[in-house]
$ cat entry-v5.pdb   # PDB, C-alpha atoms
MODEL        1
ATOM      1  CA  MET A   1     143.991 154.846  34.877
ATOM      2  CA  LYS A   2     140.272 154.520  35.614
ATOM      3  CA  ARG A   3     139.351 153.079  39.011
ATOM      4  CA  ILE A   4     136.074 151.140  38.923
ATOM      5  CA  LEU A   5     134.163 149.591  41.815
ATOM      6  CA  ILE A   6     131.691 146.791  41.053
ATOM      7  CA  THR A   7     129.019 146.486  43.729
ATOM      8  CA  GLY A   8     127.832 142.889  43.846
ATOM      9  CA  ALA A   9     130.359 140.082  44.202
ATOM     10  CA  ASN A  10     130.334 136.933  42.054
ATOM     11  CA  SER A  11     127.546 138.070  39.728
ATOM     12  CA  TYR A  12     127.641 136.924  36.102
ATOM     13  CA  ILE A  13     127.582 140.505  34.800
ATOM     14  CA  GLY A  14     130.099 141.870  37.298
ATOM     15  CA  THR A  15     132.548 139.000  36.881
ATOM     16  CA  SER A  16     132.266 139.158  33.089
ATOM     17  CA  PHE A  17     132.941 142.900  33.089
ATOM     18  CA  GLU A  18     135.963 142.524  35.360
ATOM     19  CA  ASN A  19     137.372 139.780  33.124
ATOM     20  CA  TYR A  20     136.677 141.858  30.019
ATOM     21  CA  LEU A  21     138.614 144.846  31.346
ATOM     22  CA  SER A  22     141.600 142.627  32.189
ATOM     23  CA  GLN A  23     142.562 143.076  28.504
ATOM     24  CA  TRP A  24     143.776 146.570  29.477
ATOM     25  CA  PRO A  25     145.643 146.127  32.790
ATOM     26  CA  ASP A  26     147.290 149.553  32.496
ATOM     27  CA  GLU A  27     144.032 151.394  31.871
ATOM     28  CA  TYR A  28     141.614 150.019  34.462
ATOM     29  CA  GLN A  29     141.791 149.019  38.090
ATOM     30  CA  VAL A  30     138.721 147.046  39.109
ATOM     31  CA  ASP A  31     137.627 146.221  42.658
ATOM     32  CA  THR A  32     134.528 144.384  43.829
ATOM     33  CA  VAL A  33     132.552 144.783  47.029
ATOM     34  CA  ASP A  34     130.059 142.253  48.419
ATOM     35  CA  MET A  35     126.655 143.765  49.183
ATOM     36  CA  VAL A  36     125.131 140.784  51.007
ATOM     37  CA  ASP A  37     125.950 141.992  54.516
ATOM     38  CA  GLY A  38     126.164 145.619  55.617
ATOM     39  CA  SER A  39     129.952 145.823  55.704
ATOM     40  CA  TRP A  40     130.022 147.705  52.381
ATOM     41  CA  ARG A  41     128.659 150.748  54.206
ATOM     42  CA  GLU A  42     131.975 150.991  56.095
ATOM     43  CA  LYS A  43     134.035 150.937  52.904
ATOM     44  CA  SER A  44     135.041 154.273  51.436
ATOM     45  CA  PHE A  45     134.165 154.749  47.765
ATOM     46  CA  ALA A  46     136.522 157.733  47.578
ATOM     47  CA  GLY A  47     139.006 157.621  44.721
ATOM     48  CA  TYR A  48     136.824 155.630  42.329
ATOM     49  CA  ASP A  49     135.938 157.132  38.977
ATOM     50  CA  ALA A  50     132.867 154.942  38.577
ATOM     51  CA  VAL A  51     130.663 152.555  40.527
ATOM     52  CA  PHE A  52     129.035 149.826  38.426
ATOM     53  CA  HIS A  53     126.047 148.666  40.467
ATOM     54  CA  VAL A  54     125.016 145.139  39.502
ATOM     55  CA  ALA A  55     123.810 143.894  42.904
ATOM     56  CA  GLY A  56     120.161 142.867  42.826
ATOM     57  CA  ILE A  57     117.664 140.036  42.805
ATOM     58  CA  ALA A  58     117.359 138.644  39.322
ATOM     59  CA  HIS A  59     114.120 138.082  37.425
ATOM     60  CA  SER A  60     112.557 134.791  38.515
ATOM     61  CA  ASN A  61     109.113 133.219  38.433
ATOM     62  CA  VAL A  62     107.299 136.326  39.625
ATOM     63  CA  GLY A  63     103.948 134.559  39.684
ATOM     64  CA  LYS A  64     104.693 132.410  42.722
ATOM     65  CA  VAL A  65     106.191 134.576  45.427
ATOM     66  CA  SER A  66     105.004 135.668  48.854
ATOM     67  CA  SER A  67     104.431 139.247  49.932
ATOM     68  CA  GLU A  68     107.640 138.962  51.994
ATOM     69  CA  GLN A  69     109.612 138.006  48.890
ATOM     70  CA  LYS A  70     108.075 140.886  46.943
ATOM     71  CA  ALA A  71     109.158 143.258  49.716
ATOM     72  CA  LEU A  72     112.691 141.861  49.447
ATOM     73  CA  TYR A  73     112.810 142.753  45.735
ATOM     74  CA  TYR A  74     112.101 146.390  46.589
ATOM     75  CA  LYS A  75     114.532 146.341  49.503
ATOM     76  CA  VAL A  76     117.380 145.040  47.337
ATOM     77  CA  ASN A  77     116.613 146.279  43.827
ATOM     78  CA  THR A  78     115.251 149.688  44.822
ATOM     79  CA  GLU A  79     116.337 150.782  48.285
ATOM     80  CA  LEU A  80     119.847 149.282  48.139
ATOM     81  CA  THR A  81     120.451 150.879  44.734
ATOM     82  CA  ILE A  82     119.413 154.333  45.947
ATOM     83  CA  GLU A  83     121.467 154.037  49.122
ATOM     84  CA  THR A  84     124.545 152.902  47.160
ATOM     85  CA  ALA A  85     124.204 155.777  44.686
ATOM     86  CA  GLN A  86     123.843 158.283  47.527
ATOM     87  CA  LYS A  87     126.977 156.920  49.191
ATOM     88  CA  ALA A  88     128.890 157.027  45.902
ATOM     89  CA  LYS A  89     127.991 160.686  45.436
ATOM     90  CA  GLN A  90     128.780 161.564  49.032
ATOM     91  CA  ASP A  91     132.201 159.855  48.767
ATOM     92  CA  GLY A  92     133.111 161.806  45.642
ATOM     93  CA  VAL A  93     132.649 159.168  42.935
ATOM     94  CA  LYS A  94     132.246 160.771  39.521
ATOM     95  CA  GLN A  95     129.819 158.288  37.898
ATOM     96  CA  PHE A  96     127.225 155.713  38.904
ATOM     97  CA  VAL A  97     126.259 153.048  36.346
ATOM     98  CA  PHE A  98     123.073 151.171  37.230
ATOM     99  CA  MET A  99     122.097 147.803  35.816
ATOM    100  CA  SER A 100     118.368 148.185  35.236
ATOM    101  CA  SER A 101     116.341 145.973  32.875
ATOM    102  CA  ALA A 102     114.159 145.837  29.778
ATOM    103  CA  SER A 103     111.488 144.559  32.189
ATOM    104  CA  VAL A 104     110.574 148.160  32.960
ATOM    105  CA  TYR A 105     108.681 147.986  29.627
ATOM    106  CA  GLY A 106     106.605 144.981  30.654
ATOM    107  CA  ASP A 107     106.317 141.487  29.192
ATOM    108  CA  SER A 108     106.783 140.161  25.670
ATOM    109  CA  ALA A 109     103.880 140.457  23.245
ATOM    110  CA  PRO A 110     101.655 137.380  22.861
ATOM    111  CA  ILE A 111     102.536 134.970  20.056
ATOM    112  CA  GLY A 112     101.627 136.446  16.682
ATOM    113  CA  LYS A 113     101.832 140.072  17.829
ATOM    114  CA  ASN A 114     104.730 142.523  17.798
ATOM    115  CA  LYS A 115     106.131 144.689  20.559
ATOM    116  CA  VAL A 116     108.621 147.351  19.534
ATOM    117  CA  ILE A 117     109.961 149.782  22.119
ATOM    118  CA  THR A 118     110.392 153.257  20.606
ATOM    119  CA  LYS A 119     111.511 156.628  21.987
ATOM    120  CA  ASP A 120     107.860 157.328  22.780
ATOM    121  CA  THR A 121     107.238 154.121  24.748
ATOM    122  CA  VAL A 122     106.470 154.842  28.392
ATOM    123  CA  PRO A 123     107.835 152.281  30.878
ATOM    124  CA  GLN A 124     105.026 150.134  32.226
ATOM    125  CA  PRO A 125     106.282 147.159  34.261
ATOM    126  CA  ALA A 126     104.103 144.049  34.287
ATOM    127  CA  ASN A 127     105.357 142.810  37.643
ATOM    128  CA  PHE A 128     107.163 143.818  40.817
ATOM    129  CA  TYR A 129     110.585 142.880  39.428
ATOM    130  CA  GLY A 130     110.316 145.436  36.637
ATOM    131  CA  ASP A 131     108.718 147.945  38.998
ATOM    132  CA  SER A 132     111.494 147.548  41.575
ATOM    133  CA  LYS A 133     114.023 148.440  38.855
ATOM    134  CA  LEU A 134     111.957 151.390  37.633
ATOM    135  CA  GLN A 135     111.551 152.777  41.153
ATOM    136  CA  ALA A 136     115.325 152.536  41.594
ATOM    137  CA  GLU A 137     115.796 154.546  38.396
ATOM    138  CA  LYS A 138     113.435 157.228  39.678
ATOM    139  CA  GLY A 139     115.327 157.323  42.958
ATOM    140  CA  ILE A 140     118.809 157.827  41.491
ATOM    141  CA  LEU A 141     118.144 160.063  38.471
ATOM    142  CA  PRO A 142     117.730 163.214  40.652
ATOM    143  CA  LEU A 143     121.305 162.662  41.928
ATOM    144  CA  ASN A 144     122.677 163.390  38.450
ATOM    145  CA  ASP A 145     124.550 166.679  38.144
ATOM    146  CA  GLY A 146     127.746 168.114  36.703
ATOM    147  CA  GLY A 147     129.952 166.326  39.222
ATOM    148  CA  PHE A 148     128.019 163.052  39.481
ATOM    149  CA  LYS A 149     126.923 161.313  36.299
ATOM    150  CA  VAL A 150     124.119 158.733  36.513
ATOM    151  CA  VAL A 151     123.901 156.081  33.788
ATOM    152  CA  ILE A 152     120.887 153.776  33.598
ATOM    153  CA  LEU A 153     121.193 150.675  31.417
ATOM    154  CA  ARG A 154     118.078 148.813  30.233
ATOM    155  CA  PRO A 155     119.548 145.813  28.407
ATOM    156  CA  PRO A 156     117.416 143.060  26.871
ATOM    157  CA  MET A 157     118.295 139.422  27.579
ATOM    158  CA  ILE A 158     122.051 139.101  28.083
ATOM    159  CA  TYR A 159     123.718 135.822  27.149
ATOM    160  CA  GLY A 160     127.193 134.374  26.884
ATOM    161  CA  LYS A 161     129.342 131.498  28.049
ATOM    162  CA  GLY A 162     128.286 130.400  31.520
ATOM    163  CA  CYS A 163     125.063 132.414  31.578
ATOM    164  CA  LYS A 164     121.878 131.173  33.201
ATOM    165  CA  GLY A 165     118.231 131.815  32.452
ATOM    166  CA  ASN A 166     116.253 131.491  29.217
ATOM    167  CA  TYR A 167     119.247 131.193  26.907
ATOM    168  CA  SER A 168     120.651 128.189  28.779
ATOM    169  CA  VAL A 169     117.263 126.462  28.483
ATOM    170  CA  LEU A 170     117.215 126.990  24.699
ATOM    171  CA  SER A 171     120.802 125.763  24.481
ATOM    172  CA  LYS A 172     119.931 122.503  26.224
ATOM    173  CA  LEU A 173     116.931 121.994  23.924
ATOM    174  CA  ALA A 174     119.009 122.687  20.809
ATOM    175  CA  LYS A 175     121.500 119.994  21.799
ATOM    176  CA  LYS A 176     118.790 117.395  22.425
ATOM    177  CA  LEU A 177     115.934 117.960  19.981
ATOM    178  CA  PRO A 178     116.096 117.068  16.274
ATOM    179  CA  LEU A 179     112.905 119.092  15.642
ATOM    180  CA  PHE A 180     111.795 122.473  16.961
ATOM    181  CA  PRO A 181     108.672 124.560  16.232
ATOM    182  CA  TYR A 182     109.149 127.563  13.968
ATOM    183  CA  VAL A 183     107.564 130.778  15.204
ATOM    184  CA  ASN A 184     108.039 134.088  13.427
ATOM    185  CA  ASN A 185     108.961 136.283  16.374
ATOM    186  CA  ARG A 186     111.527 139.041  16.842
ATOM    187  CA  ARG A 187     113.599 139.705  19.942
ATOM    188  CA  SER A 188     116.348 142.033  21.075
ATOM    189  CA  MET A 189     119.276 140.289  22.726
ATOM    190  CA  LEU A 190     122.715 141.375  23.899
ATOM    191  CA  TYR A 191     125.888 139.286  23.853
ATOM    192  CA  ILE A 192     127.901 139.680  27.059
ATOM    193  CA  ASP A 193     131.062 141.001  25.350
ATOM    194  CA  ASN A 194     129.019 143.554  23.391
ATOM    195  CA  PHE A 195     127.472 144.641  26.680
ATOM    196  CA  CYS A 196     130.825 144.846  28.486
ATOM    197  CA  GLU A 197     132.221 146.992  25.690
ATOM    198  CA  PHE A 198     129.191 149.281  25.991
ATOM    199  CA  VAL A 199     129.716 149.685  29.760
ATOM    200  CA  ARG A 200     133.418 150.384  29.161
ATOM    201  CA  LEU A 201     132.486 153.157  26.714
ATOM    202  CA  MET A 202     129.980 154.614  29.182
ATOM    203  CA  ILE A 203     132.782 154.960  31.723
ATOM    204  CA  ASP A 204     135.466 156.118  29.274
ATOM    205  CA  ASN A 205     133.159 158.807  27.886
ATOM    206  CA  SER A 206     131.787 159.879  31.303
ATOM    207  CA  GLU A 207     128.238 159.459  30.023
ATOM    208  CA  SER A 208     124.977 160.133  31.806
ATOM    209  CA  GLY A 209     121.406 159.263  30.866
ATOM    210  CA  ILE A 210     119.288 156.223  29.981
ATOM    211  CA  PHE A 211     120.662 153.754  27.421
ATOM    212  CA  LEU A 212     119.185 150.734  25.636
ATOM    213  CA  PRO A 213     122.054 148.674  24.160
ATOM    214  CA  GLN A 214     121.394 145.574  22.043
ATOM    215  CA  ASN A 215     123.019 143.396  19.389
ATOM    216  CA  LYS A 216     123.158 144.723  15.843
ATOM    217  CA  GLU A 217     120.697 142.052  14.654
ATOM    218  CA  TYR A 218     117.375 140.981  16.115
ATOM    219  CA  SER A 219     117.054 137.302  16.925
ATOM    220  CA  ASN A 220     114.301 134.781  16.283
ATOM    221  CA  THR A 221     113.822 132.072  18.912
ATOM    222  CA  SER A 222     113.549 129.238  16.400
ATOM    223  CA  GLU A 223     116.509 130.401  14.314
ATOM    224  CA  LEU A 224     118.482 130.855  17.539
ATOM    225  CA  VAL A 225     117.948 127.215  18.448
ATOM    226  CA  LYS A 226     119.043 126.258  14.936
ATOM    227  CA  LEU A 227     122.232 128.343  15.289
ATOM    228  CA  ILE A 228     123.041 126.768  18.638
ATOM    229  CA  GLY A 229     122.620 123.306  17.117
ATOM    230  CA  GLN A 230     124.906 124.237  14.215
ATOM    231  CA  ALA A 231     127.597 125.388  16.643
ATOM    232  CA  HIS A 232     127.674 121.813  17.938
ATOM    233  CA  GLY A 233     127.562 120.238  14.481
ATOM    234  CA  LYS A 234     123.923 119.244  14.965
ATOM    235  CA  LYS A 235     121.077 119.916  12.547
ATOM    236  CA  VAL A 236     117.836 121.098  14.116
ATOM    237  CA  ARG A 237     114.905 120.989  11.714
ATOM    238  CA  LEU A 238     112.373 123.791  12.167
ATOM    239  CA  ILE A 239     108.744 122.712  11.760
ATOM    240  CA  LYS A 240     106.064 125.221  10.779
ATOM    241  CA  GLY A 241     102.422 124.987  11.774
ATOM    242  CA  PHE A 242     102.747 124.896  15.572
ATOM    243  CA  THR A 243     101.957 128.542  16.246
ATOM    244  CA  TRP A 244      98.278 127.815  16.943
ATOM    245  CA  ALA A 245      99.127 125.107  19.487
ATOM    246  CA  LEU A 246     101.663 127.311  21.247
ATOM    247  CA  SER A 247      99.135 130.140  21.249
ATOM    248  CA  ILE A 248      96.647 127.902  23.102
ATOM    249  CA  MET A 249      99.366 126.808  25.546
ATOM    250  CA  SER A 250     100.220 130.460  26.246
ATOM    251  CA  HIS A 251      96.881 130.815  28.030
ATOM    252  CA  PHE A 252      98.024 128.260  30.608
ATOM    253  CA  THR A 253     101.666 129.261  31.114
ATOM    254  CA  GLY A 254     103.536 132.506  30.696
ATOM    255  CA  LEU A 255     106.655 130.606  29.640
ATOM    256  CA  VAL A 256     105.367 130.266  26.066
ATOM    257  CA  ASN A 257     105.143 134.003  25.405
ATOM    258  CA  LYS A 258     108.405 134.476  27.296
ATOM    259  CA  ALA A 259     110.129 132.168  24.814
ATOM    260  CA  PHE A 260     108.197 132.754  21.585
ATOM    261  CA  GLY A 261     106.660 136.211  22.034
ATOM    262  CA  SER A 262     108.127 139.317  20.405
ATOM    263  CA  PHE A 263     109.978 142.057  22.268
ATOM    264  CA  CYS A 264     112.496 144.360  20.636
ATOM    265  CA  TYR A 265     114.001 147.808  20.800
ATOM    266  CA  ASP A 266     113.829 150.123  17.810
ATOM    267  CA  LYS A 267     117.402 149.945  16.500
ATOM    268  CA  GLU A 268     117.662 153.742  16.483
ATOM    269  CA  LEU A 269     117.450 153.684  20.300
ATOM    270  CA  SER A 270     120.565 151.525  20.557
ATOM    271  CA  LYS A 271     122.920 153.485  18.322
ATOM    272  CA  TYR A 272     125.987 154.973  19.972
ATOM    273  CA  ARG A 273     128.812 157.181  18.742
ATOM    274  CA  ASN A 274     131.370 154.415  19.318
ATOM    275  CA  ASN A 275     130.892 150.877  18.056
ATOM    276  CA  TYR A 276     130.138 148.402  20.829
ATOM    277  CA  GLN A 277     128.436 145.717  18.721
ATOM    278  CA  LEU A 278     131.721 143.875  18.217
ATOM    279  CA  PHE A 279     130.262 140.446  17.529
ATOM    280  CA  SER A 280     127.444 139.410  15.223
ATOM    281  CA  LEU A 281     124.680 137.132  16.458
ATOM    282  CA  GLU A 282     126.209 134.103  14.731
ATOM    283  CA  GLU A 283     129.714 134.859  16.042
ATOM    284  CA  SER A 284     128.381 135.331  19.560
ATOM    285  CA  ILE A 285     126.545 132.002  19.509
ATOM    286  CA  ILE A 286     129.725 130.188  18.463
ATOM    287  CA  LYS A 287     131.739 131.938  21.183
ATOM    288  CA  THR A 288     129.049 131.160  23.749
ATOM    289  CA  GLU A 289     128.666 127.506  22.834
ATOM    290  CA  VAL A 290     132.173 126.370  21.886
ATOM    291  CA  GLY A 291     134.467 129.274  22.786
ATOM    292  CA  ASN A 292     137.268 130.275  20.459
ATOM    293  CA  LYS A 293     137.941 126.793  19.101
TER     294      LYS A 293
ENDMDL
END
$ encode --input "entry-v5.pdb" --output "structure tokens"
Amino acid sequence: MKRILITGANSYIGTSFENYLSQWPDEYQVDTVDMVDGSWREKSFAGYDAVFHVAGIAHSNVGKVSSEQKALYYKVNTELTIETAQKAKQDGVKQFVFMSSASVYGDSAPIGKNKVITKDTVPQPANFYGDSKLQAEKGILPLNDGGFKVVILRPPMIYGKGCKGNYSVLSKLAKKLPLFPYVNNRRSMLYIDNFCEFVRLMIDNSESGIFLPQNKEYSNTSELVKLIGQAHGKKVRLIKGFTWALSIMSHFTGLVNKAFGSFCYDKELSKYRNNYQLFSLEESIIKTEVGNK
């Protein structure tokens, strides 16, 4: 039986992973530790095969924060991660799995342009959120050795039932709007169950290194809204010809490029020896929106 410790209580990712592993009660024992206060430092990590570190401050509106808030991002996303990894190694844990982010590669491309991350792409964060994750990576990678495996995950946008963030905004729009602008963009996304299966495989296979998991198919923001509408029996009509207007709007708000810009991983980067892409994009949207009905 694998013993896994999730650092970061009540997080969407951590809770989803714990629930996912409950399918195999005889194979995994999962515990969670809260990282908000300092009490975790008194807890022994001895006996755990893997620590899955999901604690951190999530990506928010990085354009309107104080210098104190910026410092907090580095304190939590960088310093806390390094300290946790050091403790895990010191206590004899065999593997440390870190939840990094695609944000280490910067923002989406502007509307009408493509951004494809390849094996030659050098991380270049566009803001302190992405940089705080990248600095954490740099701090924990040197800990990797034969007895302590470090796994760094750089997932794109993760979505699933109960998720927050950009997907939930699109879902609300799809349920309300009869019309939606069509923009020919391309994005990497990752359904929560596909991600949980990937993390499970990382632990089962005692992996180490940097990994970029994603769904089998790219998504298109407009088509995604259409799929969400269909899941609820609603037809959303996509209207062409709005790209120019959205392009003008993008100069006044970063939200436009965030929603309609392109950002994807070369599919070769996301291949793995075991299949983790269990659900197609369409299947995942149905499961996210209406469950297994």
$ residues_near_point --input "entry-v5.pdb" --point "(126.7, 117.1, 21.4)" --cutoff "9 Å" --atoms "all atoms listed in the file" --output "list in words"
Lys175, Lys176, Gly229, His232, Gly233 and Lys234 of chain A
$ atom_distance --input "entry-v5.pdb" --atom1 "atom CA of A:Ser16" --atom2 "atom CA of A:Cys196"
7.5 Å
$ residues_around --input "entry-v5.pdb" --residues "stretch 35-37 of chain A" --least-positions-apart "2" --cutoff "8 Å" --atoms "all atoms listed in the file" --output "ChimeraX atom specification"
/A:7-9,33,39-40,55
$ write_last_selection --input "entry-v5.pdb" --atoms "C-alpha atoms" --output "PDB file, in the coordinates of the input"
ATOM      1  CA  THR A   7     129.019 146.486  43.729  1.00  0.00           C
ATOM      2  CA  GLY A   8     127.832 142.889  43.846  1.00  0.00           C
ATOM      3  CA  ALA A   9     130.359 140.082  44.202  1.00  0.00           C
ATOM      4  CA  VAL A  33     132.552 144.783  47.029  1.00  0.00           C
ATOM      5  CA  SER A  39     129.952 145.823  55.704  1.00  0.00           C
ATOM      6  CA  TRP A  40     130.022 147.705  52.381  1.00  0.00           C
ATOM      7  CA  ALA A  55     123.810 143.894  42.904  1.00  0.00           C
TER       8      ALA A  55
END
$ residues_around --input "entry-v5.pdb" --residues "A:Pro155" --least-positions-apart "4" --cutoff "10 Å" --atoms "only C-alpha atoms" --output "ChimeraX atom specification"
/A:99-103,188-190,195,211-215,265,270
$ residues_around --input "entry-v5.pdb" --residues "A:Tyr20" --least-positions-apart "6" --cutoff "12 Å" --atoms "all atoms listed in the file" --output "list of chain:residue names"
A:Tyr12, A:Ile13, A:Gly14, A:Tyr28, A:Gln29, A:Val30, A:Ile192, A:Asp193, A:Asn194, A:Phe195, A:Cys196, A:Glu197, A:Phe198, A:Val199, A:Arg200
$ closest_residue --input "entry-v5.pdb" --among "A:Cys163, A:Met202, A:Ala58, A:Val76" --to "A:Val97" --atoms "all atoms listed in the file"
A:Met202
$ closest_residue --input "entry-v5.pdb" --among "A:Phe180, A:Phe96, A:Phe260, A:Tyr159" --to "A:Gly147" --atoms "all atoms listed in the file"
A:Phe96
$ resolve_selection --input "entry-v5.pdb" --expression "the PyMOL selection byres ((chain A and resi 83-89) around 12)" --output "number ranges by chain"
A: 4-8, 33, 35, 38, 40-56, 75-82, 90-98, 136-152
$ resolve_selection --input "entry-v5.pdb" --expression "the PyMOL selection byres ((chain A and resi 110) around 9)" --output "number ranges by chain"
A: 107-109, 111-115, 247, 250, 256-258, 260-262
$ closest_residue --input "entry-v5.pdb" --among "A:Lys164, A:Asn220, A:Ile57, A:Tyr105" --to "A:Asp120" --atoms "all atoms listed in the file"
A:Tyr105
$ atom_distance --input "entry-v5.pdb" --atom1 "atom CA of A:Asn274" --atom2 "atom CA of A:Asn205"
9.8 Å
$ resolve_selection --input "entry-v5.pdb" --expression "the PyMOL selection byres ((chain A and resi 128) around 12)" --output "PyMOL selection string"
chain A and resi 57-67+69-75+77-78+103-104+106-107+124-127+129-136
$ atom_distance --input "entry-v5.pdb" --atom1 "atom CA of A:Tyr218" --atom2 "atom CA of A:Glu282"
11.3 Å
$ closest_residue --input "entry-v5.pdb" --among "A:Leu238, A:Ser219, A:Val116, A:Ile286" --to "A:Glu268" --atoms "all atoms listed in the file"
A:Val116
$ residues_near_point --input "entry-v5.pdb" --point "(112.9, 131.1, 18.1)" --cutoff "7 Å" --atoms "only C-alpha atoms" --output "JSON, numbers by chain"
{"A": [182, 183, 185, 220, 221, 222, 223, 224, 225, 260]}
$ axis_aligned_box --input "entry-v5.pdb" --around "stretch 221-225 of chain A" --padding-each-side "8 Å" --output "JSON"
{"center_x": 116.0, "center_y": 129.6, "center_z": 16.6, "size_x": 20.9, "size_y": 20.9, "size_z": 20.6}
$ closest_residue --input "entry-v5.pdb" --among "A:Gln277, A:Ser206, A:Asn19, A:Ser171" --to "A:Lys226" --atoms "all atoms listed in the file"
A:Ser171
